[in-house]
>>> print(open('target.csv').read())   # CSV, C-alpha atoms
chain,number,residue,atom,x,y,z
Q,25,ASP,CA,0.0,0.0,0.0
Q,26,GLY,CA,1.0,3.7,0.1
Q,27,GLU,CA,2.7,3.1,3.5
Q,28,GLY,CA,4.8,0.3,2.2
Q,29,ARG,CA,2.9,-2.4,4.0
Q,30,ALA,CA,2.4,-5.8,2.4
Q,31,TRP,CA,-1.2,-7.1,1.9
Q,32,VAL,CA,-2.4,-10.5,0.9
Q,33,VAL,CA,-5.9,-11.4,-0.3
Q,34,THR,CA,-7.2,-14.9,0.4
Q,35,GLN,CA,-10.7,-16.5,0.3
Q,36,GLY,CA,-10.9,-15.6,4.0
Q,37,GLY,CA,-10.4,-11.9,3.5
Q,38,MET,CA,-7.5,-9.3,3.6
Q,39,TRP,CA,-4.4,-9.8,5.6
Q,40,ARG,CA,-1.7,-7.2,6.5
Q,41,GLY,CA,1.9,-8.1,7.0
Q,42,ASP,CA,4.4,-6.5,9.4
Q,43,ALA,CA,8.2,-6.1,9.4
Q,44,ALA,CA,8.5,-9.3,11.6
Q,45,GLY,CA,6.8,-11.4,8.9
Q,46,LYS,CA,3.5,-11.8,10.9
Q,47,TRP,CA,0.1,-11.5,9.2
Q,48,ARG,CA,-3.0,-10.1,10.8
Q,49,LYS,CA,-6.5,-10.1,9.3
Q,50,ALA,CA,-7.9,-6.7,8.5
Q,51,LYS,CA,-10.8,-6.1,10.8
Q,52,GLY,CA,-12.7,-3.9,8.4
Q,53,ALA,CA,-12.4,-6.0,5.2
Q,54,ALA,CA,-15.4,-5.9,2.9
Q,55,GLY,CA,-17.6,-8.9,3.0
Q,56,GLY,CA,-17.5,-11.3,0.0
Q,57,GLU,CA,-14.6,-12.9,-1.8
Q,58,ILE,CA,-12.1,-10.3,-3.3
Q,59,GLN,CA,-11.2,-11.4,-6.8
Q,60,TYR,CA,-8.8,-8.5,-7.5
Q,61,LEU,CA,-7.3,-5.7,-5.4
Q,62,ALA,CA,-5.5,-2.5,-6.6
Q,63,ALA,CA,-4.0,0.2,-4.4
Q,64,ALA,CA,-5.9,3.5,-4.9
Q,65,GLY,CA,-4.5,6.5,-3.1
Q,66,SER,CA,-4.8,5.9,0.6
Q,67,GLY,CA,-7.2,3.0,0.0
Q,68,TRP,CA,-8.1,0.3,-2.5
Q,69,LEU,CA,-10.3,-0.5,-5.4
Q,70,ALA,CA,-11.5,-4.1,-5.2
Q,71,ALA,CA,-13.5,-6.5,-7.4
Q,72,VAL,CA,-15.7,-8.3,-4.9
Q,73,ARG,CA,-17.8,-11.3,-5.8
Q,74,GLY,CA,-21.5,-10.5,-5.6
Q,75,GLN,CA,-20.9,-6.7,-5.2
Q,76,GLY,CA,-19.0,-5.6,-8.3
Q,77,LEU,CA,-16.4,-2.8,-7.9
Q,78,VAL,CA,-16.0,-1.4,-4.4
Q,79,TRP,CA,-13.9,1.4,-3.0
Q,80,LEU,CA,-12.2,0.3,0.2
Q,81,GLY,CA,-10.6,2.4,3.0
Q,82,LYS,CA,-7.1,2.0,4.2
Q,83,GLU,CA,-7.9,-1.0,6.4
Q,84,GLY,CA,-10.1,-2.7,3.8
Q,85,GLU,CA,-13.4,-1.3,5.0
Q,86,ALA,CA,-16.1,-0.8,2.4
Q,87,ARG,CA,-16.8,2.8,1.5
Q,88,ARG,CA,-19.0,2.8,-1.6
Q,89,THR,CA,-19.8,0.7,-4.7
Q,90,VAL,CA,-19.0,1.9,-8.2
Q,91,GLU,CA,-22.1,2.9,-10.0
Q,92,GLY,CA,-23.0,0.5,-12.7
Q,93,SER,CA,-20.8,-2.4,-11.5
Q,94,ARG,CA,-23.5,-4.3,-9.5
Q,95,GLU,CA,-25.5,-5.4,-12.5
Q,96,LYS,CA,-26.4,-9.1,-12.0
Q,97,GLU,CA,-24.7,-10.2,-15.3
Q,98,LEU,CA,-21.5,-8.2,-14.5
Q,99,ARG,CA,-20.7,-8.0,-10.8
Q,100,ASP,CA,-18.9,-11.3,-10.6
Q,101,ASP,CA,-16.8,-10.9,-13.8
Q,102,PHE,CA,-14.2,-8.3,-13.1
Q,103,ARG,CA,-10.7,-9.8,-13.4
Q,104,HIS,CA,-8.2,-6.9,-13.6
Q,105,LEU,CA,-8.1,-3.3,-12.5
Q,106,LEU,CA,-5.4,-0.8,-13.6
Q,107,ASP,CA,-5.0,2.9,-12.6
Q,108,ARG,CA,-4.3,4.6,-16.0
Q,109,GLY,CA,-3.7,8.0,-14.3
Q,110,GLY,CA,-5.6,11.2,-14.4
Q,111,GLY,CA,-8.3,9.7,-12.2
Q,112,GLY,CA,-9.2,7.0,-14.7
Q,113,TRP,CA,-9.1,3.2,-14.5
Q,114,TRP,CA,-9.2,0.4,-17.0
Q,115,CYS,CA,-11.4,-2.4,-15.7
Q,116,GLY,CA,-11.0,-5.8,-17.5
Q,117,SER,CA,-13.8,-8.3,-17.2
Q,118,LYS,CA,-15.3,-11.4,-18.8
Q,119,ARG,CA,-17.9,-9.1,-20.4
Q,120,GLY,CA,-15.3,-6.9,-22.1
Q,121,LEU,CA,-13.4,-3.7,-21.2
Q,122,PHE,CA,-14.8,-0.9,-19.1
Q,123,GLU,CA,-13.4,2.6,-18.2
Q,124,LEU,CA,-14.0,4.0,-14.7
Q,125,ARG,CA,-13.9,7.8,-14.6
Q,126,GLU,CA,-15.5,10.4,-12.3
Q,127,GLY,CA,-17.2,7.6,-10.4
Q,128,ARG,CA,-19.0,6.1,-13.4
Q,129,LEU,CA,-18.4,2.9,-15.2
Q,130,ALA,CA,-18.7,2.9,-19.0
Q,131,PRO,CA,-18.2,0.1,-21.6
Q,132,VAL,CA,-15.4,0.5,-24.1
Q,133,ARG,CA,-15.8,-0.6,-27.7
Q,134,LEU,CA,-13.3,-3.2,-28.8
Q,135,PRO,CA,-12.6,-4.3,-32.3
Q,136,GLY,CA,-14.9,-7.1,-33.4
Q,137,SER,CA,-17.0,-7.1,-30.2
Q,138,ALA,CA,-20.3,-5.7,-29.1
Q,139,VAL,CA,-20.5,-3.2,-26.3
Q,140,TRP,CA,-22.1,-4.5,-23.1
Q,141,PRO,CA,-25.1,-4.3,-22.9
Q,142,GLU,CA,-25.7,-2.5,-26.2
Q,143,ASP,CA,-28.0,-5.2,-27.5
Q,144,PRO,CA,-30.4,-6.7,-24.9
Q,145,ARG,CA,-30.1,-10.0,-26.6
Q,146,GLU,CA,-26.4,-10.1,-25.8
Q,147,VAL,CA,-26.8,-9.8,-22.0
Q,148,GLY,CA,-25.4,-12.8,-20.3
Q,149,LYS,CA,-23.1,-13.6,-23.3
Q,150,PRO,CA,-19.3,-13.1,-23.3
Q,151,MET,CA,-18.5,-9.8,-25.0
Q,152,GLY,CA,-14.8,-10.7,-25.6
Q,153,TRP,CA,-13.2,-10.7,-22.2
Q,154,VAL,CA,-10.2,-8.5,-21.3
Q,155,VAL,CA,-8.2,-9.8,-18.3
Q,156,ASP,CA,-4.7,-8.2,-18.2
Q,157,PHE,CA,-2.9,-5.0,-19.1
Q,158,GLY,CA,0.6,-3.6,-19.6
Q,159,LYS,CA,2.3,-0.4,-20.6
Q,160,ASP,CA,5.5,-0.2,-22.7
Q,161,ALA,CA,8.4,2.3,-22.6
Q,162,ARG,CA,6.7,4.4,-25.3
Q,163,GLY,CA,3.6,4.9,-23.1
Q,164,ARG,CA,1.3,2.6,-25.1
Q,165,TRP,CA,-1.2,0.4,-23.3
Q,166,TRP,CA,-1.6,-3.2,-24.2
Q,167,ALA,CA,-4.4,-5.7,-23.2
Q,168,GLY,CA,-4.8,-9.4,-23.3
Q,169,SER,CA,-8.2,-10.5,-24.6
Q,170,ALA,CA,-10.3,-13.3,-26.0
Q,171,ARG,CA,-9.2,-12.0,-29.4
Q,172,GLY,CA,-5.5,-11.8,-28.7
Q,173,LEU,CA,-3.4,-8.7,-28.2
Q,174,LEU,CA,-5.0,-5.3,-28.2
Q,175,ILE,CA,-3.2,-1.9,-28.2
Q,176,TYR,CA,-4.4,1.5,-27.3
Q,177,GLU,CA,-3.3,4.3,-29.7
Q,178,GLY,CA,-5.0,7.5,-30.9
Q,179,GLY,CA,-7.7,7.3,-28.2
Q,180,GLN,CA,-9.0,3.9,-29.2
Q,181,TRP,CA,-8.2,0.2,-28.8
Q,182,ARG,CA,-7.4,-1.9,-31.9
Q,183,GLN,CA,-6.2,-5.4,-32.7
Q,184,TRP,CA,-2.4,-5.9,-32.9
Q,185,GLU,CA,-2.0,-7.9,-36.1
Q,186,THR,CA,0.9,-10.4,-36.2
Q,187,GLU,CA,2.5,-12.5,-38.9
Q,188,GLY,CA,1.1,-16.0,-39.3
Q,189,PRO,CA,-1.4,-17.5,-36.8
Q,190,ARG,CA,-2.3,-14.7,-34.3
Q,191,LEU,CA,-2.5,-15.1,-30.6
Q,192,GLU,CA,-5.8,-16.1,-29.2
Q,193,ASP,CA,-7.3,-16.2,-25.7
Q,194,VAL,CA,-4.5,-14.2,-24.1
Q,195,VAL,CA,-5.1,-14.6,-20.3
Q,196,SER,CA,-1.9,-12.8,-19.2
Q,197,LEU,CA,0.7,-10.5,-20.7
Q,198,ALA,CA,3.8,-8.6,-19.7
Q,199,VAL,CA,5.7,-5.9,-21.5
Q,200,ARG,CA,9.5,-6.0,-21.7
Q,201,GLY,CA,11.3,-2.9,-22.9
Q,202,ALA,CA,9.9,-0.7,-25.6
Q,203,GLY,CA,7.6,-3.2,-27.2
Q,204,GLU,CA,8.5,-6.8,-26.6
Q,205,ILE,CA,5.3,-8.5,-25.3
Q,206,TRP,CA,5.2,-11.8,-23.5
Q,207,ALA,CA,1.8,-13.6,-23.4
Q,208,VAL,CA,0.1,-16.7,-22.0
Q,209,GLU,CA,-2.7,-18.2,-24.0
Q,210,LYS,CA,-5.5,-20.0,-22.2
Q,211,GLY,CA,-5.0,-23.7,-21.7
Q,212,LYS,CA,-1.6,-23.8,-23.2
Q,213,ALA,CA,1.8,-24.6,-21.8
Q,214,GLY,CA,4.9,-22.4,-22.5
Q,215,VAL,CA,4.7,-18.8,-23.4
Q,216,ALA,CA,4.7,-16.6,-26.5
Q,217,ARG,CA,7.1,-13.8,-27.2
Q,218,VAL,CA,6.0,-11.0,-29.6
Q,219,ARG,CA,8.6,-8.8,-31.2
Q,220,GLY,CA,7.0,-6.3,-33.6
Q,221,ARG,CA,4.7,-8.4,-35.8
Q,222,LYS,CA,6.5,-11.7,-35.2
Q,223,VAL,CA,5.2,-14.3,-32.7
Q,224,GLU,CA,7.5,-16.9,-31.3
Q,225,ARG,CA,5.8,-19.6,-29.3
Q,226,LEU,CA,8.2,-21.1,-26.7
Q,227,GLY,CA,7.3,-24.5,-25.4
Q,228,VAL,CA,3.6,-24.4,-26.3
Q,229,GLY,CA,3.7,-28.2,-26.8
Q,230,ASP,CA,4.9,-28.4,-23.1
Q,231,ASP,CA,8.6,-28.9,-24.1
Q,232,TYR,CA,9.2,-27.1,-20.8
Q,233,GLY,CA,7.6,-29.8,-18.6
Q,234,SER,CA,5.6,-27.3,-16.5
Q,235,GLY,CA,2.1,-28.0,-17.5
Q,236,GLU,CA,-0.3,-25.2,-18.3
Q,237,SER,CA,1.0,-21.6,-18.0
Q,238,LEU,CA,-1.2,-19.3,-15.9
Q,239,TYR,CA,0.6,-16.0,-15.9
Q,240,VAL,CA,3.7,-14.1,-17.1
Q,241,ARG,CA,5.4,-11.1,-15.5
Q,242,VAL,CA,8.5,-9.1,-16.2
Q,243,ASP,CA,10.5,-7.6,-13.3
Q,244,GLN,CA,12.6,-4.4,-13.3
Q,245,ARG,CA,15.7,-6.4,-14.4
Q,246,GLY,CA,13.9,-7.6,-17.5
Q,247,TRP,CA,13.7,-11.1,-16.2
Q,248,VAL,CA,10.6,-13.1,-17.2
Q,249,TRP,CA,8.5,-15.0,-14.5
Q,250,ARG,CA,6.1,-17.7,-15.7
Q,251,GLY,CA,3.6,-19.0,-13.2
Q,252,THR,CA,2.3,-22.5,-14.0
Q,253,GLU,CA,0.2,-25.3,-12.5
Q,254,ASN,CA,3.5,-26.8,-11.4
Q,255,GLY,CA,5.2,-23.8,-9.7
Q,256,VAL,CA,7.1,-20.8,-11.0
Q,257,TYR,CA,9.8,-20.6,-13.7
Q,258,LEU,CA,12.3,-17.8,-14.4
Q,259,SER,CA,14.3,-16.7,-17.5
Q,260,ASP,CA,16.6,-13.8,-18.0
Q,261,GLY,CA,14.5,-12.9,-21.1
Q,262,GLU,CA,17.4,-13.6,-23.5
Q,263,ARG,CA,18.1,-17.3,-23.0
Q,264,VAL,CA,14.7,-19.0,-23.4
Q,265,ASN,CA,15.4,-22.6,-24.4
Q,266,PRO,CA,13.8,-25.2,-22.1
Q,267,GLU,CA,17.0,-25.7,-20.1
Q,268,ASP,CA,17.4,-22.0,-19.5
Q,269,TRP,CA,14.4,-21.6,-17.3
Q,270,LEU,CA,15.0,-22.0,-13.6
Q,271,LYS,CA,12.4,-23.4,-11.3
Q,272,VAL,CA,12.2,-20.9,-8.5
Q,273,ASN,CA,10.3,-22.9,-5.9
Q,274,GLY,CA,12.3,-26.1,-6.0
Q,275,ASP,CA,10.3,-29.4,-6.0
Q,276,ARG,CA,7.0,-27.9,-4.8
Q,277,GLY,CA,4.5,-28.9,-7.5
Q,278,VAL,CA,1.9,-26.3,-6.6
Q,279,VAL,CA,-0.4,-24.1,-8.7
Q,280,ALA,CA,1.1,-20.6,-8.9
Q,281,ASN,CA,-1.5,-17.7,-8.8
Q,282,GLY,CA,0.2,-14.4,-7.9
Q,283,PHE,CA,3.2,-12.2,-8.5
Q,284,LEU,CA,4.2,-8.8,-7.1
Q,285,GLU,CA,7.6,-7.0,-7.2
Q,286,ASP,CA,8.5,-4.5,-4.5
Q,287,ARG,CA,10.3,-1.3,-5.2
Q,288,ASP,CA,13.5,-2.8,-3.8
Q,289,GLY,CA,13.4,-5.7,-6.2
Q,290,THR,CA,12.0,-8.2,-3.7
Q,291,VAL,CA,9.5,-10.6,-5.3
Q,292,TRP,CA,6.4,-12.0,-3.7
Q,293,LEU,CA,5.0,-15.2,-5.1
Q,294,SER,CA,1.6,-16.7,-4.0
Q,295,ASP,CA,0.4,-20.2,-4.6
Q,296,GLU,CA,-2.2,-22.6,-3.2
Q,297,GLU,CA,0.0,-23.2,-0.2
Q,298,GLY,CA,0.9,-19.7,0.8
Q,299,VAL,CA,3.3,-16.8,0.0
Q,300,THR,CA,7.0,-16.9,-0.7
Q,301,ARG,CA,9.2,-13.8,-0.5
Q,302,LEU,CA,12.6,-13.7,-2.1
Q,303,LYS,CA,15.3,-11.4,-3.5
Q,304,PRO,CA,16.6,-12.5,-6.9
Q,305,ARG,CA,20.3,-12.4,-7.4
Q,306,LYS,CA,22.2,-11.5,-10.6
Q,307,GLU,CA,24.4,-14.6,-10.1
Q,308,TRP,CA,21.4,-16.7,-11.0
Q,309,PHE,CA,22.1,-16.1,-14.6
Q,310,GLY,CA,25.9,-15.6,-14.3
Q,311,ALA,CA,28.4,-17.8,-16.0
Q,312,GLY,CA,29.2,-19.6,-12.7
Q,313,SER,CA,31.8,-22.3,-12.4
Q,314,GLY,CA,29.8,-24.8,-14.5
Q,315,GLU,CA,30.3,-27.5,-11.8
Q,316,PRO,CA,27.1,-28.9,-10.5
Q,317,ARG,CA,26.8,-29.1,-6.7
Q,318,LEU,CA,25.0,-31.8,-4.8
Q,319,THR,CA,22.7,-29.8,-2.4
Q,320,ARG,CA,20.1,-32.4,-1.1
Q,321,VAL,CA,19.9,-36.2,-0.8
Q,322,TRP,CA,17.0,-38.6,0.0
Q,323,VAL,CA,17.5,-42.3,0.5
Q,324,GLY,CA,14.3,-44.3,0.7
Q,325,GLY,CA,12.3,-41.1,1.3
Q,326,ALA,CA,14.6,-40.0,4.3
Q,327,PRO,CA,16.7,-36.9,4.0
Q,328,ARG,CA,20.5,-37.2,4.4
Q,329,ARG,CA,23.2,-34.5,4.8
Q,330,GLU,CA,25.3,-36.2,2.2
Q,331,LEU,CA,25.6,-39.3,0.1
Q,332,PRO,CA,25.9,-42.4,2.3
Q,333,ALA,CA,29.0,-44.6,1.9
Q,334,GLU,CA,26.8,-47.6,1.6
Q,335,LEU,CA,23.2,-48.2,0.4
Q,336,PRO,CA,20.7,-50.6,2.2
Q,337,ALA,CA,20.6,-54.2,1.0
Q,338,ALA,CA,16.9,-53.8,0.2
Q,339,PRO,CA,15.9,-51.8,-2.9
Q,340,VAL,CA,15.3,-48.1,-2.1
Q,341,ARG,CA,14.5,-44.9,-4.1
Q,342,LEU,CA,17.5,-42.5,-4.4
Q,343,ARG,CA,16.9,-38.8,-5.0
Q,344,LEU,CA,19.7,-36.3,-5.6
Q,345,GLU,CA,19.3,-32.5,-6.1
Q,346,PHE,CA,21.9,-30.3,-7.7
Q,347,GLY,CA,22.0,-26.6,-7.4
Q,348,LYS,CA,23.7,-23.8,-5.5
Q,349,PRO,CA,23.6,-23.8,-1.7
Q,350,GLU,CA,23.9,-20.0,-1.5
Q,351,ASP,CA,20.5,-19.7,-3.2
Q,352,GLU,CA,18.8,-21.5,-0.2
Q,353,GLY,CA,17.2,-24.2,-2.3
Q,354,LEU,CA,15.0,-21.7,-4.3
Q,355,ARG,CA,16.3,-23.0,-7.6
Q,356,GLU,CA,17.8,-26.1,-9.2
Q,357,ASP,CA,19.9,-26.1,-12.3
Q,358,PRO,CA,18.9,-28.3,-15.3
Q,359,VAL,CA,21.4,-31.1,-15.6
Q,360,GLN,CA,22.2,-34.3,-17.5
Q,361,TYR,CA,23.3,-37.4,-15.8
Q,362,ARG,CA,24.4,-41.0,-16.7
Q,363,VAL,CA,25.0,-44.1,-14.7
Q,364,GLY,CA,27.5,-46.7,-15.7
Q,365,GLY,CA,30.4,-45.0,-17.4
Q,366,ALA,CA,31.2,-43.4,-20.8
Q,367,ARG,CA,29.1,-45.8,-22.9
Q,368,ALA,CA,25.9,-45.0,-20.9
Q,369,PRO,CA,23.5,-42.5,-22.5
Q,370,TRP,CA,23.1,-39.1,-21.0
Q,371,ARG,CA,19.6,-38.4,-19.5
Q,372,ARG,CA,18.1,-35.1,-18.8
Q,373,ALA,CA,17.0,-34.0,-15.3
Q,374,ARG,CA,15.0,-30.9,-16.1
Q,375,GLU,CA,15.0,-29.2,-12.7
Q,376,GLY,CA,18.3,-30.5,-11.3
Q,377,VAL,CA,16.7,-33.6,-9.7
Q,378,VAL,CA,18.1,-37.1,-10.4
Q,379,GLU,CA,15.8,-39.9,-9.2
Q,380,MET,CA,16.7,-43.6,-9.3
Q,381,ASP,CA,14.2,-46.4,-8.4
Q,382,ALA,CA,15.1,-49.7,-6.8
Q,383,VAL,CA,18.7,-48.9,-5.9
Q,384,MET,CA,20.5,-51.3,-3.6
Q,385,GLU,CA,23.9,-52.0,-2.2
Q,386,GLY,CA,26.7,-52.1,-4.8
Q,387,ASP,CA,29.1,-49.9,-6.8
Q,388,TYR,CA,27.7,-47.1,-8.9
Q,389,GLU,CA,29.3,-44.5,-11.1
Q,390,ILE,CA,27.1,-41.4,-11.6
Q,391,GLU,CA,28.2,-38.5,-13.7
Q,392,VAL,CA,26.4,-35.2,-13.7
Q,393,ARG,CA,26.9,-32.2,-15.9
Q,394,GLN,CA,25.2,-28.8,-16.0
Q,395,LEU,CA,23.3,-28.0,-19.2
Q,396,GLY,CA,24.6,-25.1,-21.2
Q,397,LYS,CA,27.8,-24.7,-19.2
Q,398,PRO,CA,31.2,-26.5,-19.2
Q,399,GLY,CA,32.0,-28.9,-16.3
>>> encode(input="target.csv", output="structure tokens")
Amino acid sequence: DGEGRAWVVTQGGMWRGDAAGKWRKAKGAAGGEIQYLAAAGSGWLAAVRGQGLVWLGKEGEARRTVEGSREKELRDDFRHLLDRGGGGWWCGSKRGLFELREGRLAPVRLPGSAVWPEDPREVGKPMGWVVDFGKDARGRWWAGSARGLLIYEGGQWRQWETEGPRLEDVVSLAVRGAGEIWAVEKGKAGVARVRGRKVERLGVGDDYGSGESLYVRVDQRGWVWRGTENGVYLSDGERVNPEDWLKVNGDRGVVANGFLEDRDGTVWLSDEEGVTRLKPRKEWFGAGSGEPRLTRVWVGGAPRRELPAELPAAPVRLRLEFGKPEDEGLREDPVQYRVGGARAPWRRAREGVVEMDAVMEGDYEIEVRQLGKPG
């Protein structure tokens, strides 16, 4: 908020964090599930299920409802709110795009879409949803919609035409630099990068092993964060092959659903199990020594400080994790490994994790190398 305090929205209301890392529930939080929350001066603008758009006070108490947002067919459908400056807001919803100005909500005409509810027969039908926004270094607004990418120029929104098959069902976007757009398409793995009129789809066939992508964000370093149904992945924005993405939250296979960057570069990540706070380090994408380091070991499901000199007589599952201890386990490097000497084939361990089933006492030769680096 404007005072630098951290806030988290859950299904149970609004929670305020303090410097000691403790969270307290806001006493005055508005009733109903908050679907989206945006800081607005000394208070908040919230999309609240069953209530539409609601102005909240500093502690989350309801002040007043935005006129026109409580329509039955509209009040549950707001998905993104963005302060566009000058007292105006863009309000993205499943019913299209709306502009909030001087306390009134008005529909915005989009290319190829009706304006809600211009035609009574269209009430209750999707108007071409708009769910995410971004602004590039040239001051142009971008939006993700059911019809792909939209751009705001000359006082109106228009379709951003691209070469070849255009993007469709863009559920999340992020702007990198003067006009490089990163986008997530609904129901697809990977992410798309748009440079000018050219679209490059990266891992849409799930080459990246992360399942469906849910959001994409770009931080102040230009690094690209991709939230998926299997955690959060990170790229420096330049090296974007499958092995170049780092899995930020280790082996936690959880659904990622939120990202926020603080002014000091600290990143907040939310998922179905809670909130993670971390400070990215430039060394994450440095050249490094190229030598993989064994950071964690499990033998038969039990953690060990290091590899045991001997394995049990009965078959067990062996799990080895390779990464950098100074990063506190928040990432693992993609590696390749082989068992049995030079003639054995190299196998890929996408997130720096080597797992072997039914391993028992005996002599083993395991070689590990870090992908993309010598060593």
>>> residues_around(input="target.csv", residues="region 155-171 of chain Q", least_positions_apart="3", cutoff="9 Å", atoms="only C-alpha atoms", output="VMD selection string")
chain Q and resid 102 to 106 108 114 to 118 120 to 121 135 to 136 151 to 152 174 to 177 181 183 190 to 205 207 to 208
>>> write_last_selection(input="target.csv", atoms="C-alpha atoms", output="PDB file, in the frame of the given file")
ATOM      1  CA  PHE Q 102     -14.200  -8.300 -13.100  1.00  0.00           C
ATOM      2  CA  ARG Q 103     -10.700  -9.800 -13.400  1.00  0.00           C
ATOM      3  CA  HIS Q 104      -8.200  -6.900 -13.600  1.00  0.00           C
ATOM      4  CA  LEU Q 105      -8.100  -3.300 -12.500  1.00  0.00           C
ATOM      5  CA  LEU Q 106      -5.400  -0.800 -13.600  1.00  0.00           C
ATOM      6  CA  ARG Q 108      -4.300   4.600 -16.000  1.00  0.00           C
ATOM      7  CA  TRP Q 114      -9.200   0.400 -17.000  1.00  0.00           C
ATOM      8  CA  CYS Q 115     -11.400  -2.400 -15.700  1.00  0.00           C
ATOM      9  CA  GLY Q 116     -11.000  -5.800 -17.500  1.00  0.00           C
ATOM     10  CA  SER Q 117     -13.800  -8.300 -17.200  1.00  0.00           C
ATOM     11  CA  LYS Q 118     -15.300 -11.400 -18.800  1.00  0.00           C
ATOM     12  CA  GLY Q 120     -15.300  -6.900 -22.100  1.00  0.00           C
ATOM     13  CA  LEU Q 121     -13.400  -3.700 -21.200  1.00  0.00           C
ATOM     14  CA  PRO Q 135     -12.600  -4.300 -32.300  1.00  0.00           C
ATOM     15  CA  GLY Q 136     -14.900  -7.100 -33.400  1.00  0.00           C
ATOM     16  CA  MET Q 151     -18.500  -9.800 -25.000  1.00  0.00           C
ATOM     17  CA  GLY Q 152     -14.800 -10.700 -25.600  1.00  0.00           C
ATOM     18  CA  LEU Q 174      -5.000  -5.300 -28.200  1.00  0.00           C
ATOM     19  CA  ILE Q 175      -3.200  -1.900 -28.200  1.00  0.00           C
ATOM     20  CA  TYR Q 176      -4.400   1.500 -27.300  1.00  0.00           C
ATOM     21  CA  GLU Q 177      -3.300   4.300 -29.700  1.00  0.00           C
ATOM     22  CA  TRP Q 181      -8.200   0.200 -28.800  1.00  0.00           C
ATOM     23  CA  GLN Q 183      -6.200  -5.400 -32.700  1.00  0.00           C
ATOM     24  CA  ARG Q 190      -2.300 -14.700 -34.300  1.00  0.00           C
ATOM     25  CA  LEU Q 191      -2.500 -15.100 -30.600  1.00  0.00           C
ATOM     26  CA  GLU Q 192      -5.800 -16.100 -29.200  1.00  0.00           C
ATOM     27  CA  ASP Q 193      -7.300 -16.200 -25.700  1.00  0.00           C
ATOM     28  CA  VAL Q 194      -4.500 -14.200 -24.100  1.00  0.00           C
ATOM     29  CA  VAL Q 195      -5.100 -14.600 -20.300  1.00  0.00           C
ATOM     30  CA  SER Q 196      -1.900 -12.800 -19.200  1.00  0.00           C
ATOM     31  CA  LEU Q 197       0.700 -10.500 -20.700  1.00  0.00           C
ATOM     32  CA  ALA Q 198       3.800  -8.600 -19.700  1.00  0.00           C
ATOM     33  CA  VAL Q 199       5.700  -5.900 -21.500  1.00  0.00           C
ATOM     34  CA  ARG Q 200       9.500  -6.000 -21.700  1.00  0.00           C
ATOM     35  CA  GLY Q 201      11.300  -2.900 -22.900  1.00  0.00           C
ATOM     36  CA  ALA Q 202       9.900  -0.700 -25.600  1.00  0.00           C
ATOM     37  CA  GLY Q 203       7.600  -3.200 -27.200  1.00  0.00           C
ATOM     38  CA  GLU Q 204       8.500  -6.800 -26.600  1.00  0.00           C
ATOM     39  CA  ILE Q 205       5.300  -8.500 -25.300  1.00  0.00           C
ATOM     40  CA  ALA Q 207       1.800 -13.600 -23.400  1.00  0.00           C
ATOM     41  CA  VAL Q 208       0.100 -16.700 -22.000  1.00  0.00           C
TER      42      VAL Q 208
END
>>> residues_around(input="target.csv", residues="Thr300 (chain Q)", least_positions_apart="4", cutoff="9 Å", atoms="all atoms listed in the file", output="PyMOL selection string")
chain Q and resi 273+291-295
>>> residues_around(input="target.csv", residues="region 304-310 of chain Q", least_positions_apart="6", cutoff="8 Å", atoms="all atoms listed in the file", output="PDB file with C-alpha atoms, keeping the file's coordinate frame")
ATOM      1  CA  ASP Q 260      16.600 -13.800 -18.000  1.00  0.00           C
ATOM      2  CA  GLY Q 289      13.400  -5.700  -6.200  1.00  0.00           C
ATOM      3  CA  THR Q 290      12.000  -8.200  -3.700  1.00  0.00           C
ATOM      4  CA  VAL Q 291       9.500 -10.600  -5.300  1.00  0.00           C
TER       5      VAL Q 291
END
>>> residues_around(input="target.csv", residues="Glu389 (chain Q)", least_positions_apart="4", cutoff="8 Å", atoms="all atoms listed in the file", output="list in words")
Val363, Gly364 and Gly365 of chain Q
>>> write_last_selection(input="target.csv", atoms="C-alpha atoms", output="CSV table (one decimal), in the coordinates of the input")
chain,number,residue,atom,x,y,z
Q,363,VAL,CA,25.0,-44.1,-14.7
Q,364,GLY,CA,27.5,-46.7,-15.7
Q,365,GLY,CA,30.4,-45.0,-17.4
>>> residues_around(input="target.csv", residues="Gly110 (chain Q)", least_positions_apart="6", cutoff="12 Å", atoms="only C-alpha atoms", output="list in words")
Leu124, Arg125 and Glu126 of chain Q
>>> atom_distance(input="target.csv", atom1="CA of Val321 (chain Q)", atom2="CA of Glu391 (chain Q)")
15.5 Å
>>> atom_distance(input="target.csv", atom1="CA of Arg362 (chain Q)", atom2="CA of Ile390 (chain Q)")
5.8 Å
>>> closest_residue(input="target.csv", among="Q:Arg250, Q:Arg393, Q:Arg320, Q:Arg29", to="Asp286 (chain Q)", atoms="all atoms listed in the file")
Q:Arg29
>>> closest_residue(input="target.csv", among="Q:Ala50, Q:Ile58, Q:Leu331, Q:Ala366", to="Arg73 (chain Q)", atoms="only C-alpha atoms")
Q:Ile58
>>> residues_near_point(input="target.csv", point="(-9.2, -1.1, -1.5)", cutoff="10 Å", atoms="all atoms listed in the file", output="NGL selection string")
:Q and (25 or 38 or 53-54 or 58 or 60-71 or 77-87)
>>> atom_distance(input="target.csv", atom1="CA of Lys46 (chain Q)", atom2="CA of Arg245 (chain Q)")
28.6 Å
>>> closest_residue(input="target.csv", among="Q:Gly178, Q:Gly45, Q:Gly251, Q:Gly246", to="Arg301 (chain Q)", atoms="all atoms listed in the file")
Q:Gly45
>>> closest_residue(input="target.csv", among="Q:Glu187, Q:Glu385, Q:Glu330, Q:Asp101", to="Gln75 (chain Q)", atoms="all atoms listed in the file")
Q:Asp101
>>> closest_residue(input="target.csv", among="Q:Arg317, Q:Lys222, Q:Arg341, Q:Arg182", to="Val392 (chain Q)", atoms="all atoms listed in the file")
Q:Arg317
